[in-house]
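Novice: Sharing upload21.cif below, mmCIF, C-alpha atoms, pLDDT in the B column; chains and numbers go by the auth columns:
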```
data_final
loop_
_atom_site.group_PDB
_atom_site.id
_atom_site.type_symbol
_atom_site.label_atom_id
_atom_site.label_comp_id
_atom_site.label_asym_id
_atom_site.label_seq_id
_atom_site.Cartn_x
_atom_site.Cartn_y
_atom_site.Cartn_z
_atom_site.B_iso_or_equiv
_atom_site.auth_seq_id
_atom_site.auth_asym_id
ATOM 1 C CA MET A 1 87.539 -54.191 -22.951 53.00 1 A
ATOM 2 C CA GLU A 2 84.748 -54.355 -25.503 65.00 2 A
ATOM 3 C CA GLN A 3 83.746 -57.724 -26.956 70.00 3 A
ATOM 4 C CA ASN A 4 84.444 -56.482 -30.504 69.00 4 A
ATOM 5 C CA THR A 5 87.976 -55.498 -29.510 66.00 5 A
ATOM 6 C CA ILE A 6 88.609 -58.897 -27.948 68.00 6 A
ATOM 7 C CA LYS A 7 87.294 -60.620 -31.071 73.00 7 A
ATOM 8 C CA ALA A 8 89.502 -58.458 -33.336 68.00 8 A
ATOM 9 C CA ILE A 9 92.576 -59.211 -31.228 69.00 9 A
ATOM 10 C CA ASP A 10 91.766 -62.947 -31.272 72.00 10 A
ATOM 11 C CA GLU A 11 91.485 -62.862 -35.073 73.00 11 A
ATOM 12 C CA LEU A 12 94.806 -61.024 -35.322 71.00 12 A
ATOM 13 C CA ILE A 13 96.482 -63.537 -33.038 71.00 13 A
ATOM 14 C CA ASN A 14 95.202 -66.317 -35.268 75.00 14 A
ATOM 15 C CA SER A 15 96.544 -64.591 -38.406 74.00 15 A
ATOM 16 C CA PHE A 16 99.877 -63.860 -36.696 71.00 16 A
ATOM 17 C CA GLN A 17 100.277 -67.451 -35.543 70.00 17 A
ATOM 18 C CA LYS A 18 99.705 -68.575 -39.129 76.00 18 A
ATOM 19 C CA ASN A 19 102.290 -66.024 -40.316 77.00 19 A
ATOM 20 C CA ALA A 20 99.603 -64.497 -42.548 78.00 20 A
ATOM 21 C CA TYR A 21 99.766 -60.919 -41.297 84.00 21 A
ATOM 22 C CA THR A 22 100.591 -57.830 -43.344 87.00 22 A
ATOM 23 C CA GLU A 23 102.531 -54.635 -42.740 92.00 23 A
ATOM 24 C CA LYS A 24 99.234 -52.738 -42.751 89.00 24 A
ATOM 25 C CA GLU A 25 97.858 -54.928 -39.942 85.00 25 A
ATOM 26 C CA VAL A 26 100.956 -54.499 -37.786 90.00 26 A
ATOM 27 C CA LYS A 27 100.946 -50.743 -38.337 92.00 27 A
ATOM 28 C CA ALA A 28 97.247 -50.545 -37.358 87.00 28 A
ATOM 29 C CA LEU A 29 97.877 -52.697 -34.294 89.00 29 A
ATOM 30 C CA LEU A 30 100.732 -50.442 -33.171 94.00 30 A
ATOM 31 C CA GLN A 31 98.616 -47.316 -33.667 92.00 31 A
ATOM 32 C CA TYR A 32 95.805 -48.863 -31.651 90.00 32 A
ATOM 33 C CA LEU A 33 98.268 -49.920 -28.938 93.00 33 A
ATOM 34 C CA VAL A 34 99.721 -46.455 -28.352 94.00 34 A
ATOM 35 C CA ALA A 35 96.214 -44.992 -28.098 92.00 35 A
ATOM 36 C CA LEU A 36 95.369 -47.300 -25.180 91.00 36 A
ATOM 37 C CA LYS A 37 95.760 -46.072 -21.614 90.00 37 A
ATOM 38 C CA LEU A 38 97.097 -47.784 -18.534 86.00 38 A
ATOM 39 C CA PRO A 39 95.721 -49.066 -16.188 88.00 39 A
ATOM 40 C CA GLU A 40 92.201 -49.250 -17.636 89.00 40 A
ATOM 41 C CA ASP A 41 93.293 -50.869 -20.920 89.00 41 A
ATOM 42 C CA GLN A 42 95.942 -53.144 -19.399 91.00 42 A
ATOM 43 C CA PRO A 43 94.399 -56.445 -20.620 86.00 43 A
ATOM 44 C CA GLY A 44 94.263 -55.156 -24.199 85.00 44 A
ATOM 45 C CA ILE A 45 97.771 -53.745 -24.016 92.00 45 A
ATOM 46 C CA HIS A 46 99.234 -57.010 -22.792 90.00 46 A
ATOM 47 C CA ALA A 47 97.293 -58.995 -25.399 86.00 47 A
ATOM 48 C CA ILE A 48 98.665 -56.791 -28.183 89.00 48 A
ATOM 49 C CA ILE A 49 102.209 -57.018 -26.818 93.00 49 A
ATOM 50 C CA LYS A 50 101.860 -60.791 -26.827 88.00 50 A
ATOM 51 C CA VAL A 51 100.623 -60.702 -30.437 86.00 51 A
ATOM 52 C CA LEU A 52 103.565 -58.523 -31.466 91.00 52 A
ATOM 53 C CA GLY A 53 105.909 -61.110 -29.990 89.00 53 A
ATOM 54 C CA PHE A 54 104.703 -63.488 -32.731 83.00 54 A
ATOM 55 C CA CYS A 55 105.629 -60.992 -35.451 87.00 55 A
ATOM 56 C CA THR A 56 108.822 -62.252 -37.004 89.00 56 A
ATOM 57 C CA LYS A 57 108.704 -60.787 -40.497 91.00 57 A
ATOM 58 C CA ASP A 58 111.497 -58.310 -41.249 93.00 58 A
ATOM 59 C CA PHE A 59 109.205 -55.326 -41.898 95.00 59 A
ATOM 60 C CA VAL A 60 108.069 -55.491 -38.266 95.00 60 A
ATOM 61 C CA LYS A 61 111.425 -54.216 -36.968 97.00 61 A
ATOM 62 C CA GLU A 62 111.170 -50.810 -38.587 97.00 62 A
ATOM 63 C CA LEU A 63 107.528 -50.370 -37.560 97.00 63 A
ATOM 64 C CA ILE A 64 108.298 -51.161 -33.937 98.00 64 A
ATOM 65 C CA ILE A 65 111.403 -48.948 -33.882 98.00 65 A
ATOM 66 C CA LYS A 66 109.493 -46.013 -35.399 98.00 66 A
ATOM 67 C CA THR A 67 106.724 -46.480 -32.842 98.00 67 A
ATOM 68 C CA ILE A 68 109.203 -46.635 -29.957 97.00 68 A
ATOM 69 C CA GLN A 69 110.940 -43.489 -31.195 97.00 69 A
ATOM 70 C CA SER A 70 107.630 -41.651 -31.534 97.00 70 A
ATOM 71 C CA LEU A 71 106.768 -42.184 -27.862 96.00 71 A
ATOM 72 C CA GLU A 72 107.827 -39.833 -25.105 93.00 72 A
ATOM 73 C CA ALA A 73 110.647 -41.110 -22.912 90.00 73 A
ATOM 74 C CA SER A 74 108.310 -41.890 -20.002 89.00 74 A
ATOM 75 C CA HIS A 75 105.446 -43.376 -22.040 93.00 75 A
ATOM 76 C CA PRO A 76 104.341 -46.595 -20.273 94.00 76 A
ATOM 77 C CA ILE A 77 104.062 -48.519 -23.570 95.00 77 A
ATOM 78 C CA LYS A 78 107.733 -47.895 -24.464 96.00 78 A
ATOM 79 C CA PRO A 79 109.240 -50.596 -22.193 96.00 79 A
ATOM 80 C CA LEU A 80 106.599 -53.068 -23.352 96.00 80 A
ATOM 81 C CA LEU A 81 107.479 -52.479 -27.006 97.00 81 A
ATOM 82 C CA LEU A 82 111.153 -52.806 -26.161 97.00 82 A
ATOM 83 C CA SER A 83 110.448 -56.204 -24.647 96.00 83 A
ATOM 84 C CA VAL A 84 108.904 -57.253 -27.979 96.00 84 A
ATOM 85 C CA CYS A 85 112.261 -56.557 -29.654 95.00 85 A
ATOM 86 C CA TRP A 86 114.112 -59.216 -27.705 90.00 86 A
ATOM 87 C CA GLU A 87 111.190 -61.611 -27.225 90.00 87 A
ATOM 88 C CA SER A 88 110.479 -61.866 -30.959 90.00 88 A
ATOM 89 C CA GLY A 89 113.974 -63.118 -31.719 89.00 89 A
ATOM 90 C CA LEU A 90 114.336 -60.683 -34.626 92.00 90 A
ATOM 91 C CA ASP A 91 117.766 -59.226 -35.334 93.00 91 A
ATOM 92 C CA TYR A 92 117.738 -55.552 -34.317 95.00 92 A
ATOM 93 C CA GLU A 93 121.500 -55.161 -34.841 93.00 93 A
ATOM 94 C CA ALA A 94 121.051 -52.165 -37.147 93.00 94 A
ATOM 95 C CA TYR A 95 119.302 -50.278 -34.345 96.00 95 A
ATOM 96 C CA LEU A 96 122.005 -50.455 -31.650 96.00 96 A
ATOM 97 C CA ARG A 97 122.284 -46.665 -31.446 95.00 97 A
ATOM 98 C CA VAL A 98 118.502 -46.369 -30.959 97.00 98 A
ATOM 99 C CA PHE A 99 118.722 -48.701 -27.965 97.00 99 A
ATOM 100 C CA VAL A 100 121.714 -46.837 -26.529 97.00 100 A
ATOM 101 C CA ASP A 101 119.764 -43.575 -26.835 96.00 101 A
ATOM 102 C CA ILE A 102 116.821 -45.197 -25.052 96.00 102 A
ATOM 103 C CA LEU A 103 119.189 -46.467 -22.351 96.00 103 A
ATOM 104 C CA LEU A 104 120.398 -42.901 -21.801 96.00 104 A
ATOM 105 C CA GLU A 105 117.174 -40.935 -22.296 93.00 105 A
ATOM 106 C CA THR A 106 114.371 -42.880 -20.616 87.00 106 A
ATOM 107 C CA ASN A 107 113.283 -44.123 -17.237 91.00 107 A
ATOM 108 C CA GLU A 108 114.820 -47.136 -15.517 92.00 108 A
ATOM 109 C CA LEU A 109 112.167 -49.586 -16.723 93.00 109 A
ATOM 110 C CA ALA A 110 112.830 -48.754 -20.378 95.00 110 A
ATOM 111 C CA ALA A 111 116.582 -48.711 -19.656 95.00 111 A
ATOM 112 C CA ILE A 112 116.359 -52.281 -18.325 95.00 112 A
ATOM 113 C CA GLU A 113 114.694 -53.402 -21.554 95.00 113 A
ATOM 114 C CA ALA A 114 117.219 -51.492 -23.668 96.00 114 A
ATOM 115 C CA ASN A 115 120.060 -53.104 -21.721 95.00 115 A
ATOM 116 C CA THR A 116 118.576 -56.546 -22.373 94.00 116 A
ATOM 117 C CA ILE A 117 118.422 -55.842 -26.101 95.00 117 A
ATOM 118 C CA ILE A 118 121.941 -54.413 -26.202 94.00 118 A
ATOM 119 C CA THR A 119 123.369 -57.526 -24.579 91.00 119 A
ATOM 120 C CA GLU A 120 121.606 -59.725 -27.146 90.00 120 A
ATOM 121 C CA LEU A 121 122.888 -57.857 -30.208 88.00 121 A
ATOM 122 C CA MET A 122 125.973 -58.655 -32.233 82.00 122 A
ATOM 123 C CA PRO A 123 126.535 -55.355 -34.066 82.00 123 A
ATOM 124 C CA ASN A 124 129.390 -54.382 -36.332 89.00 124 A
ATOM 125 C CA LYS A 125 132.503 -52.539 -35.191 92.00 125 A
ATOM 126 C CA GLU A 126 131.382 -49.060 -36.319 93.00 126 A
ATOM 127 C CA ALA A 127 128.025 -49.365 -34.543 92.00 127 A
ATOM 128 C CA LEU A 128 129.811 -50.480 -31.375 94.00 128 A
ATOM 129 C CA LYS A 129 132.215 -47.531 -31.614 94.00 129 A
ATOM 130 C CA GLN A 130 129.311 -45.063 -31.949 95.00 130 A
ATOM 131 C CA ALA A 131 127.539 -46.655 -28.985 95.00 131 A
ATOM 132 C CA ILE A 132 130.676 -46.378 -26.834 96.00 132 A
ATOM 133 C CA GLU A 133 131.058 -42.708 -27.755 96.00 133 A
ATOM 134 C CA ALA A 134 127.408 -41.962 -26.961 96.00 134 A
ATOM 135 C CA ILE A 135 127.665 -43.555 -23.525 96.00 135 A
ATOM 136 C CA ASN A 136 131.033 -41.942 -22.766 94.00 136 A
ATOM 137 C CA ASN A 137 129.593 -38.534 -23.680 94.00 137 A
ATOM 138 C CA SER A 138 126.613 -38.928 -21.354 93.00 138 A
ATOM 139 C CA GLU A 139 126.508 -37.122 -18.019 90.00 139 A
ATOM 140 C CA GLN A 140 126.490 -40.017 -15.536 87.00 140 A
ATOM 141 C CA SER A 141 125.625 -37.818 -12.550 90.00 141 A
ATOM 142 C CA ALA A 142 122.226 -37.091 -14.099 88.00 142 A
ATOM 143 C CA TYR A 143 121.089 -40.693 -13.540 93.00 143 A
ATOM 144 C CA SER A 144 119.921 -42.613 -10.511 93.00 144 A
ATOM 145 C CA PRO A 145 122.367 -45.167 -9.090 94.00 145 A
ATOM 146 C CA THR A 146 120.344 -48.035 -10.569 93.00 146 A
ATOM 147 C CA HIS A 147 120.260 -46.377 -13.976 95.00 147 A
ATOM 148 C CA ARG A 148 124.039 -45.789 -13.817 94.00 148 A
ATOM 149 C CA VAL A 149 124.564 -49.496 -13.156 95.00 149 A
ATOM 150 C CA LEU A 150 122.519 -50.352 -16.267 94.00 150 A
ATOM 151 C CA ILE A 151 124.437 -47.850 -18.372 95.00 151 A
ATOM 152 C CA ASN A 152 127.803 -49.059 -17.135 94.00 152 A
ATOM 153 C CA ASP A 153 126.852 -52.722 -17.603 95.00 153 A
ATOM 154 C CA SER A 154 125.845 -51.943 -21.168 95.00 154 A
ATOM 155 C CA LEU A 155 129.073 -50.034 -21.724 95.00 155 A
ATOM 156 C CA GLN A 156 131.137 -52.950 -20.391 95.00 156 A
ATOM 157 C CA PHE A 157 129.335 -55.361 -22.676 94.00 157 A
ATOM 158 C CA ILE A 158 129.754 -53.102 -25.711 95.00 158 A
ATOM 159 C CA LEU A 159 133.456 -52.571 -24.941 95.00 159 A
ATOM 160 C CA ASN A 160 133.973 -56.340 -24.677 94.00 160 A
ATOM 161 C CA GLN A 161 132.202 -56.835 -28.012 93.00 161 A
ATOM 162 C CA TYR A 162 134.293 -54.097 -29.607 94.00 162 A
ATOM 163 C CA ASN A 163 137.549 -55.496 -28.241 94.00 163 A
ATOM 164 C CA SER A 164 136.685 -58.998 -29.432 92.00 164 A
ATOM 165 C CA LEU A 165 136.506 -57.638 -32.981 88.00 165 A
ATOM 166 C CA GLN A 166 140.040 -56.188 -32.785 74.00 166 A
#
```
Take the structure I supplied and represent it as structure tokens, if you would.
Specialist:
Amino acid sequence: MEQNTIKAIDELINSFQKNAYTEKEVKALLQYLVALKLPEDQPGIHAIIKVLGFCTKDFVKELIIKTIQSLEASHPIKPLLLSVCWESGLDYEAYLRVFVDILLETNELAAIEANTIITELMPNKEALKQAIEAINNSEQSAYSPTHRVLINDSLQFILNQYNSLQ
């Protein structure tokens, strides 16, 4: 990684730790992140993911969700961005359906991250109902055994949450 890039990331980390970052900076950081390639840019990718974990302002949620949705299902950055969602401690309740879709439409690594997020959310009854319907309408035979376990664990959790609201 170039020295200028390292310096820029260090400056961003400093601004993020001081909670002095802007929407424009986060957007630029996300754009830069998705342009990086694994494995050659792995140190930069992991540094940026760490920085994003410090982002706890509300506007960050929508930027991260839009970035996740813009990536192909198998994009290697997708699971890393998903991990930011639960590591940051932000409330992604409004995006339950996005995480269910990711659970059903991506590889196992992203599905693991989506499952982690789903089990941390406390969504409302209607969102839970939609998530249950989406999972029930999925074709389970299309998934690997490991992926099916993740989907069914998520479904069990969502059903328990839904039933507790009855």
Novice: Could you tell me which residues the PyMOL selection byres ((chain A and resi 68-76) around 8) grabs in this file, written as a ChimeraX atom specification?
Specialist: /A:38,64-67,77-82,102,105-107
Novice: Find the residues near Leu121 in chain A: any atom within 9 Å, counting only C-alpha atoms, skip ones fewer than 6 places away on the same chain, and give them as a count of residues only.
Specialist: 4
Novice: Please determine, counting all atoms listed in the file, which residue among A:Asp58, A:Glu40, A:Glu25, A:Glu113 has the shortest atom-to-atom distance to Leu150 in chain A.
Specialist: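 Of A:Asp58, A:Glu40, A:Glu25, A:Glu113, the one nearest Leu150 in chain A is A:Glu113, counting all atoms listed in the file.
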Novice: Considering all atoms listed in the file, state which residue in the set A:Leu104, A:Leu30, A:Leu63, A:Ala94 is at the smallest distance from Ser144 in chain A.
Specialist: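 Among the listed residues, A:Leu104 lies closest to Ser144 in chain A.
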Novice: I would like the residues chosen by the PyMOL selection byres ((chain A and resi 152) around 12) on the shown file; could you give them as a compact mmCIF listing (two decimals) with C-alpha atoms, in the frame of the given file?
Specialist:
```txt
# COMPACT_ATOMS: atom_id res chain seq x y z
CA VAL A 100 121.71 -46.84 -26.53
CA LEU A 103 119.19 -46.47 -22.35
CA LEU A 104 120.40 -42.90 -21.80
CA ALA A 111 116.58 -48.71 -19.66
CA ILE A 112 116.36 -52.28 -18.32
CA ASN A 115 120.06 -53.10 -21.72
CA ILE A 132 130.68 -46.38 -26.83
CA ILE A 135 127.66 -43.56 -23.52
CA ASN A 136 131.03 -41.94 -22.77
CA SER A 138 126.61 -38.93 -21.35
CA GLN A 140 126.49 -40.02 -15.54
CA TYR A 143 121.09 -40.69 -13.54
CA PRO A 145 122.37 -45.17 -9.09
CA THR A 146 120.34 -48.04 -10.57
CA HIS A 147 120.26 -46.38 -13.98
CA ARG A 148 124.04 -45.79 -13.82
CA VAL A 149 124.56 -49.50 -13.16
CA LEU A 150 122.52 -50.35 -16.27
CA ILE A 151 124.44 -47.85 -18.37
CA ASP A 153 126.85 -52.72 -17.60
CA SER A 154 125.84 -51.94 -21.17
CA LEU A 155 129.07 -50.03 -21.72
CA GLN A 156 131.14 -52.95 -20.39
CA PHE A 157 129.34 -55.36 -22.68
CA ILE A 158 129.75 -53.10 -25.71
CA LEU A 159 133.46 -52.57 -24.94
```
Novice: Report, in Å with one decimal, the straight-line distance from CA of Tyr162 in chain A to CA of Asn124 in chain A.
Specialist: 8.3 Å
Novice: How would you write, as JSON, numbers by chain, the residues chosen by the PyMOL selection byres ((chain A and resi 51) around 9) on this structure?
Specialist: {"A": [9, 12, 13, 16, 17, 46, 47, 48, 49, 50, 52, 53, 54, 55]}
Novice: In Å, with one decimal, what is the gap from CA of Lys129 in chain A to CA of Ala114 in chain A?
Specialist: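 Answer for the CA of Lys129 in chain A to CA of Ala114 in chain A separation: 17.4 Å.
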Novice: One number please: CA of Gln130 in chain A to CA of Leu90 in chain A, in Å, one decimal.
Specialist: 21.8 Å
Novice: Using only C-alpha atoms, which residue out of A:Gln3, A:Ala110, A:Val98, A:Ser141 lies closest to Ala127 in chain A?
Specialist: A:Val98
Novice: Need to verify the contact set: Trp86 in chain A, 8 Å, only C-alpha atoms, exclusion of same-chain residues closer than 6 positions in sequence. Can you return it as a ChimeraX atom specification?
Specialist: /A:116-117,120
Novice: Take range 128-157 of chain A, bring it up to N, CA and C atoms, and give me the output as a PDB file, in the frame of the given file.
Specialist:
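The resulting part19.pdb:
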```
ATOM      1  N   LEU A 128     129.320 -50.371 -32.750  1.00 94.00           N
ATOM      2  CA  LEU A 128     129.811 -50.480 -31.375  1.00 94.00           C
ATOM      3  C   LEU A 128     130.587 -49.228 -30.979  1.00 94.00           C
ATOM      4  N   LYS A 129     131.429 -48.735 -31.877  1.00 94.00           N
ATOM      5  CA  LYS A 129     132.215 -47.531 -31.614  1.00 94.00           C
ATOM      6  C   LYS A 129     131.300 -46.332 -31.342  1.00 94.00           C
ATOM      7  N   GLN A 130     130.262 -46.160 -32.143  1.00 95.00           N
ATOM      8  CA  GLN A 130     129.311 -45.063 -31.949  1.00 95.00           C
ATOM      9  C   GLN A 130     128.577 -45.195 -30.612  1.00 95.00           C
ATOM     10  N   ALA A 131     128.224 -46.424 -30.258  1.00 95.00           N
ATOM     11  CA  ALA A 131     127.539 -46.655 -28.985  1.00 95.00           C
ATOM     12  C   ALA A 131     128.449 -46.307 -27.807  1.00 95.00           C
ATOM     13  N   ILE A 132     129.709 -46.696 -27.896  1.00 96.00           N
ATOM     14  CA  ILE A 132     130.676 -46.378 -26.834  1.00 96.00           C
ATOM     15  C   ILE A 132     130.815 -44.869 -26.682  1.00 96.00           C
ATOM     16  N   GLU A 133     130.929 -44.168 -27.794  1.00 96.00           N
ATOM     17  CA  GLU A 133     131.058 -42.708 -27.755  1.00 96.00           C
ATOM     18  C   GLU A 133     129.826 -42.057 -27.138  1.00 96.00           C
ATOM     19  N   ALA A 134     128.650 -42.533 -27.500  1.00 96.00           N
ATOM     20  CA  ALA A 134     127.408 -41.962 -26.961  1.00 96.00           C
ATOM     21  C   ALA A 134     127.347 -42.136 -25.442  1.00 96.00           C
ATOM     22  N   ILE A 135     127.697 -43.311 -24.969  1.00 96.00           N
ATOM     23  CA  ILE A 135     127.665 -43.555 -23.525  1.00 96.00           C
ATOM     24  C   ILE A 135     128.750 -42.748 -22.821  1.00 96.00           C
ATOM     25  N   ASN A 136     129.947 -42.711 -23.385  1.00 94.00           N
ATOM     26  CA  ASN A 136     131.033 -41.942 -22.766  1.00 94.00           C
ATOM     27  C   ASN A 136     130.721 -40.450 -22.710  1.00 94.00           C
ATOM     28  N   ASN A 137     129.943 -39.959 -23.647  1.00 94.00           N
ATOM     29  CA  ASN A 137     129.593 -38.534 -23.680  1.00 94.00           C
ATOM     30  C   ASN A 137     128.384 -38.197 -22.806  1.00 94.00           C
ATOM     31  N   SER A 138     127.780 -39.187 -22.205  1.00 93.00           N
ATOM     32  CA  SER A 138     126.613 -38.928 -21.354  1.00 93.00           C
ATOM     33  C   SER A 138     127.066 -38.431 -19.983  1.00 93.00           C
ATOM     34  N   GLU A 139     126.215 -37.669 -19.343  1.00 90.00           N
ATOM     35  CA  GLU A 139     126.508 -37.122 -18.019  1.00 90.00           C
ATOM     36  C   GLU A 139     125.987 -38.101 -16.969  1.00 90.00           C
ATOM     37  N   GLN A 140     126.881 -38.949 -16.453  1.00 87.00           N
ATOM     38  CA  GLN A 140     126.490 -40.017 -15.536  1.00 87.00           C
ATOM     39  C   GLN A 140     125.824 -39.502 -14.255  1.00 87.00           C
ATOM     40  N   SER A 141     126.193 -38.331 -13.803  1.00 90.00           N
ATOM     41  CA  SER A 141     125.625 -37.818 -12.550  1.00 90.00           C
ATOM     42  C   SER A 141     124.143 -37.479 -12.673  1.00 90.00           C
ATOM     43  N   ALA A 142     123.640 -37.417 -13.889  1.00 88.00           N
ATOM     44  CA  ALA A 142     122.226 -37.091 -14.099  1.00 88.00           C
ATOM     45  C   ALA A 142     121.306 -38.291 -13.874  1.00 88.00           C
ATOM     46  N   TYR A 143     121.874 -39.471 -13.660  1.00 93.00           N
ATOM     47  CA  TYR A 143     121.089 -40.693 -13.540  1.00 93.00           C
ATOM     48  C   TYR A 143     121.049 -41.188 -12.099  1.00 93.00           C
ATOM     49  N   SER A 144     120.012 -41.968 -11.817  1.00 93.00           N
ATOM     50  CA  SER A 144     119.921 -42.613 -10.511  1.00 93.00           C
ATOM     51  C   SER A 144     121.012 -43.670 -10.415  1.00 93.00           C
ATOM     52  N   PRO A 145     121.350 -44.114  -9.215  1.00 94.00           N
ATOM     53  CA  PRO A 145     122.367 -45.167  -9.090  1.00 94.00           C
ATOM     54  C   PRO A 145     122.014 -46.438  -9.871  1.00 94.00           C
ATOM     55  N   THR A 146     120.765 -46.843  -9.841  1.00 93.00           N
ATOM     56  CA  THR A 146     120.344 -48.035 -10.569  1.00 93.00           C
ATOM     57  C   THR A 146     120.519 -47.848 -12.062  1.00 93.00           C
ATOM     58  N   HIS A 147     120.143 -46.677 -12.548  1.00 95.00           N
ATOM     59  CA  HIS A 147     120.260 -46.377 -13.976  1.00 95.00           C
ATOM     60  C   HIS A 147     121.732 -46.358 -14.388  1.00 95.00           C
ATOM     61  N   ARG A 148     122.595 -45.814 -13.527  1.00 94.00           N
ATOM     62  CA  ARG A 148     124.039 -45.789 -13.817  1.00 94.00           C
ATOM     63  C   ARG A 148     124.597 -47.202 -13.937  1.00 94.00           C
ATOM     64  N   VAL A 149     124.116 -48.100 -13.080  1.00 95.00           N
ATOM     65  CA  VAL A 149     124.564 -49.496 -13.156  1.00 95.00           C
ATOM     66  C   VAL A 149     124.187 -50.092 -14.511  1.00 95.00           C
ATOM     67  N   LEU A 150     122.961 -49.844 -14.965  1.00 94.00           N
ATOM     68  CA  LEU A 150     122.519 -50.352 -16.267  1.00 94.00           C
ATOM     69  C   LEU A 150     123.377 -49.790 -17.401  1.00 94.00           C
ATOM     70  N   ILE A 151     123.633 -48.497 -17.333  1.00 95.00           N
ATOM     71  CA  ILE A 151     124.437 -47.850 -18.372  1.00 95.00           C
ATOM     72  C   ILE A 151     125.848 -48.421 -18.377  1.00 95.00           C
ATOM     73  N   ASN A 152     126.432 -48.555 -17.205  1.00 94.00           N
ATOM     74  CA  ASN A 152     127.803 -49.059 -17.135  1.00 94.00           C
ATOM     75  C   ASN A 152     127.894 -50.533 -17.507  1.00 94.00           C
ATOM     76  N   ASP A 153     126.876 -51.319 -17.163  1.00 95.00           N
ATOM     77  CA  ASP A 153     126.852 -52.722 -17.603  1.00 95.00           C
ATOM     78  C   ASP A 153     126.779 -52.804 -19.121  1.00 95.00           C
ATOM     79  N   SER A 154     125.946 -51.962 -19.705  1.00 95.00           N
ATOM     80  CA  SER A 154     125.845 -51.943 -21.168  1.00 95.00           C
ATOM     81  C   SER A 154     127.166 -51.517 -21.793  1.00 95.00           C
ATOM     82  N   LEU A 155     127.786 -50.503 -21.211  1.00 95.00           N
ATOM     83  CA  LEU A 155     129.073 -50.034 -21.724  1.00 95.00           C
ATOM     84  C   LEU A 155     130.119 -51.144 -21.649  1.00 95.00           C
ATOM     85  N   GLN A 156     130.178 -51.845 -20.533  1.00 95.00           N
ATOM     86  CA  GLN A 156     131.137 -52.950 -20.391  1.00 95.00           C
ATOM     87  C   GLN A 156     130.914 -54.008 -21.449  1.00 95.00           C
ATOM     88  N   PHE A 157     129.663 -54.356 -21.670  1.00 94.00           N
ATOM     89  CA  PHE A 157     129.335 -55.361 -22.676  1.00 94.00           C
ATOM     90  C   PHE A 157     129.757 -54.884 -24.067  1.00 94.00           C
TER      91      PHE A 157
END
```
